[in-house]
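Following: one structure in structure tokens, then a few remarks.
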Amino acid sequence: MKKMKYNQALEELEQIVTEIENEEISVDDLAEKVERASKLIEACKGILSKTEAEVEKILKGMEGEE
Amino acid sequence: MKKMKYNQALEELEQIVTEIENEEISVDDLAEKVERASKLIEACKGILSKTEAEVEKILKGMEGEE
Amino acid sequence: MKKMKYNQALEELEQIVTEIENEEISVDDLAEKVERASKLIEACKGILSKTEAEVEKILKGMEGEE
Amino acid sequence: MKKMKYNQALEELEQIVTEIENEEISVDDLAEKVERASKLIEACKGILSKTEAEVEKILKGMEGEE
Amino acid sequence: MKKMKYNQALEELEQIVTEIENEEISVDDLAEKVERASKLIEACKGILSKTEAEVEKILKGMEGEE
Amino acid sequence: MKKMKYNQALEELEQIVTEIENEEISVDDLAEKVERASKLIEACKGILSKTEAEVEKILKGMEGEE
Amino acid sequence: MADVKVYQLSDIGKSLQNMIEKHYQSGFWIKAEISKLNYYPKTGHCFPDLVERKNGKIKAQMRSIIWSTHYQKISKNFLQIAKTPLEDGMQILFRAKVSYHQTYGFSLQILRIDPKFTLGELAVEKEKCIYKLKQEDLFLRNKNLASPLLIKRLAIISYNTSKGYADFLNIINQYKNEFKIHYQLFPSLLQGDKAEQQLVEQLQLIEQRKTAFDAVCIIRGGGGEVGMNCYNSFDVAKTLAEMSLPVYTGIGHSTNETVCEMIAHKNCITPTDFAYDVIHKFKDFALRVEVAQQQIELTVSHAFIYTNKYLQGISINLQKQVHNLVRFQYQKIKQLNTQCQLASPRIVNSARENLFQIQNGIKRKPVFVLHTASQMLNHQKRILSLLSHQILNSNQQLLANQKQRVKYLSPEHVLKRGYSLILKKGKIITDLDNLKKGDVIENLTSKGKIKSSIKDIQK
């Protein structure tokens, strides 16, 4: 796993938050974006509290979705 | 009215309101246009309600995980 | 007067009023033209009333949904 | 004098006036021509009065509708 | 002298005056010609007076109508 | 001398005068011719006076009418 | 050989001893580099090898001696002032006595060492090191690496028994349930001249495994303030600067910042501080996730409220605009109605005005025409009168003329002027051929007749 993954996950999450805040996300995309944010939050929380291997799994899973 | 994107509906709706405002719509077409605007507002509200419910569900799911 | 488009009626009416104002109408035709203008005004008002009622009904329907 | 158009009467009248003005009418015809002019003026006045009354009536009707 | 047109009378009168002027009239005929001219002038004046009266009457009538 | 035309008298007079002047008349006839000429002159004068009086009378009559 | 004076070795030795002791009576201040300290802890004596180099080559080389009694004092003073022990490779300024011993030979006995000189030399070395790093564009390289948002996998350069390492672990372990940190120790000496090489080796080892870590830290603690020169070493600093991973320092000392600390990604001063830094990053990350989660819930609900309001606004605006449109059209119709009301009578009025003008024209003109005709008749009458009189007058004149002419031509008028007529038998004679002598003729005059006879005829 590349080391920037943590950053990427958090940054993407915060990006989504900013977009929603700035009303850059249309109602059409909103649910999808919230879903994505939800997944990212889960991943970020995993990064903090879980062992490396588990984290890897979480992030791998997310990448697949992307 | 077929399934329609919120943004698309909103755009058309705003277009109609602007046309009425600029008196680009003749009295002859007014009722028809207002009918269409009414349908568009209804559609937008529907999409919004649906999205709201979906988002609510996702956010509820997130809280549950904690 | 047969069913007539508002725009068409308005246009003809404006034409007549302009002619009268510019004194382009002979005394022989005056009464007839004024008669026509009167009929057109009546027709326009009728269309407006009808449209207003229709529009009102649609808008009322919208409010009821809220 | 038969029923006559205002414009036609006015035209003839103006013709007579021009002839008298240019002294193209002999003394022999003068009285007759003046007589004709007088009749034409009378006719024109009649048409005017009639038209005025008609227009008045129509306009009155228009105001009443408001 | 029979009823005579003004123009005709005037013409004859002028003819006589011209003849006298050109000395085409002998002393023998002079008195007779002057007699004729005098009659013609009288006739013309009569016509003028009559016409004037007629015109006056017509115009008076017109004013009365006003 | 019988009543005679002015023009005829004047002609004869001029004829006589011309004959005398051309000395075509014998001394014997001369006195006689002179006598005749004298008479003719008298006659002409008479006609003139009469004509003048007549004309005067006609013109006077006309003026009276004015 | 017989002539040659032969000395005893001792003679020479004594002579040398005398000469040197005489010549180098007092001590000298000498500048040199310790190439090797050669301290023997058992005896307490020290035999430093001294060199002077020029352009890397040894120009002079000499052995020296610091007796244990001196060494204790010198060493203590040096450490106190220079903050570093005497070490190989150090430039020193020392006072020494030159002596020669017959048995032990030549010796340079160091009596005092000026630690301030060495301090100055070290400072110069440090400056050189910094200058070189800057020259090679390394000074800011590690600092400029992106800071890891999170240090989850950490390479630690420290020593198992280091107090600093223990301090670090102590704090990290307090959070182990909450935050999972992976760390690996890369052991190394942390001070003294031997540390340099180990530090370089361990850094290089970590560099080889750079993908396994988020950051490197050098942790040291509990040691004194001495032996920090290794952190000013150009080799160590260069290796550190060239690391792909950010290097944190927690070396725990209070002296001037070393070069390694200067160029480190971040100098945390102590291991504890670094530990808190790591934890802080975790907390920060956790907080940002938390905030993001809350923000999402909040902004999403705001977005819905806003969107609903917006839709409602459009709906209200639609109604307003529709009413405006209809009202405007009513207004327009009303306006047209008014215009029609105002303009229609104008047509009739202006036609009437026109008629009035025409009527006035007709009234004036015929009277004028008749008057003119009447004038003309009067004129004709005057001309008639004039011409009639003219004719009559001219005939009067004509007659008067004729009368005059006749009068002049009459015979009476001719005889009155003295002429006479000749008559013969009553006839006027115009031809003499018909007369003859003796004929009786009559002469007629204006006054009377003369009767006479002809006496002679002359032709």
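If you're wondering about the labels, chains in the structure tokens are A, B, ... by order shown, residues count from 1 in each chain, ligands from 1 in order shown.
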
>> Show me, as an MDAnalysis selection string, the residues that have an atom within 8 Å of A:Asn7 when counting only C-alpha atoms, minus same-chain residues fewer than 4 positions from it.
In response: (chainID A and resid 11) or (chainID G and resid 148:150)

Write out the residues from the selection above, keeping N, CA, C and O atoms, as a CSV table (one decimal), in the first residue's frame.
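Saved result, out00.csv, follows:
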```
chain,number,residue,atom,x,y,z
A,11,GLU,N,-8.5,13.3,2.3
A,11,GLU,CA,-8.7,14.4,1.4
A,11,GLU,C,-9.9,14.3,0.5
A,11,GLU,O,-10.7,15.3,0.3
G,148,PRO,N,3.7,13.7,6.5
G,148,PRO,CA,2.6,12.6,6.5
G,148,PRO,C,1.5,13.1,7.4
G,148,PRO,O,1.7,13.7,8.4
G,149,LEU,N,0.3,12.9,6.9
G,149,LEU,CA,-0.9,13.2,7.6
G,149,LEU,C,-0.9,12.4,8.9
G,149,LEU,O,-1.4,12.8,10.0
G,150,LEU,N,-0.4,11.2,8.7
G,150,LEU,CA,-0.5,10.2,9.8
G,150,LEU,C,0.9,9.4,9.7
G,150,LEU,O,1.3,9.0,8.7
```

Residues near stretch 36-48 of chain C, cut-off 7 Å, only C-alpha atoms, skip fewer than 2 positions along chain, as a CSV table (one decimal) with C-alpha atoms, in the first residue's frame:
```csv
chain,number,residue,atom,x,y,z
C,6,TYR,CA,-54.5,36.5,-28.3
C,9,ALA,CA,-55.9,39.9,-31.9
C,10,LEU,CA,-53.5,42.1,-30.1
C,13,LEU,CA,-55.7,45.9,-32.4
C,16,ILE,CA,-55.8,49.7,-35.8
C,32,GLU,CA,-66.1,50.2,-38.8
C,33,LYS,CA,-62.5,50.2,-37.6
C,34,VAL,CA,-63.5,51.4,-34.1
C,50,LYS,CA,-59.9,32.5,-19.4
C,51,THR,CA,-56.1,32.1,-19.2
C,52,GLU,CA,-56.0,33.7,-15.8
D,62,MET,CA,-66.2,49.9,-24.7
G,326,VAL,CA,-51.4,38.8,-17.1
G,333,ILE,CA,-55.4,46.4,-23.6
```

Show me, as a Markdown table, the residues of chain G having an atom within 9 Å of chain B, each with the closest atom pair and its distance in Å, using only C-alpha atoms.
```
| residue | atom | partner | partner_atom | distance |
| --- | --- | --- | --- | --- |
| G:Gln293 | CA | B:Met62 | CA | 8.8 |
| G:Ile296 | CA | B:Leu59 | CA | 8.7 |
| G:Glu297 | CA | B:Leu59 | CA | 7.0 |
| G:Val300 | CA | B:Val55 | CA | 8.1 |
| G:Ser301 | CA | B:Glu52 | CA | 8.4 |
| G:Phe304 | CA | B:Glu52 | CA | 7.1 |
| G:Thr307 | CA | B:Leu48 | CA | 8.1 |
| G:Asn308 | CA | B:Lys45 | CA | 7.7 |
| G:Leu311 | CA | B:Ile41 | CA | 7.0 |
| G:Gln312 | CA | B:Ile41 | CA | 8.7 |
| G:Ile314 | CA | B:Glu14 | CA | 7.5 |
| G:Ser315 | CA | B:Ile41 | CA | 7.3 |
| G:Asn317 | CA | B:Val17 | CA | 7.4 |
| G:Leu318 | CA | B:Val17 | CA | 5.6 |
| G:Gln319 | CA | B:Val34 | CA | 8.8 |
| G:Lys320 | CA | B:Glu21 | CA | 8.9 |
| G:Gln321 | CA | B:Glu21 | CA | 5.4 |
| G:Val322 | CA | B:Ile20 | CA | 6.6 |
| G:Asn324 | CA | B:Glu21 | CA | 8.0 |
| G:Leu325 | CA | B:Glu23 | CA | 6.6 |
| G:Val326 | CA | B:Val27 | CA | 7.6 |
| G:Gln329 | CA | B:Val27 | CA | 8.2 |
```

>> I need the helix (DSSP H, G or I) residues of chain C per DSSP on the backbone, written as a ChimeraX atom specification.
In response: /C:6-21,27-65

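Computed from the coordinates, the atom CA of G:Pro271 to atom CA of G:Cys217 distance equals 9.0 Å.
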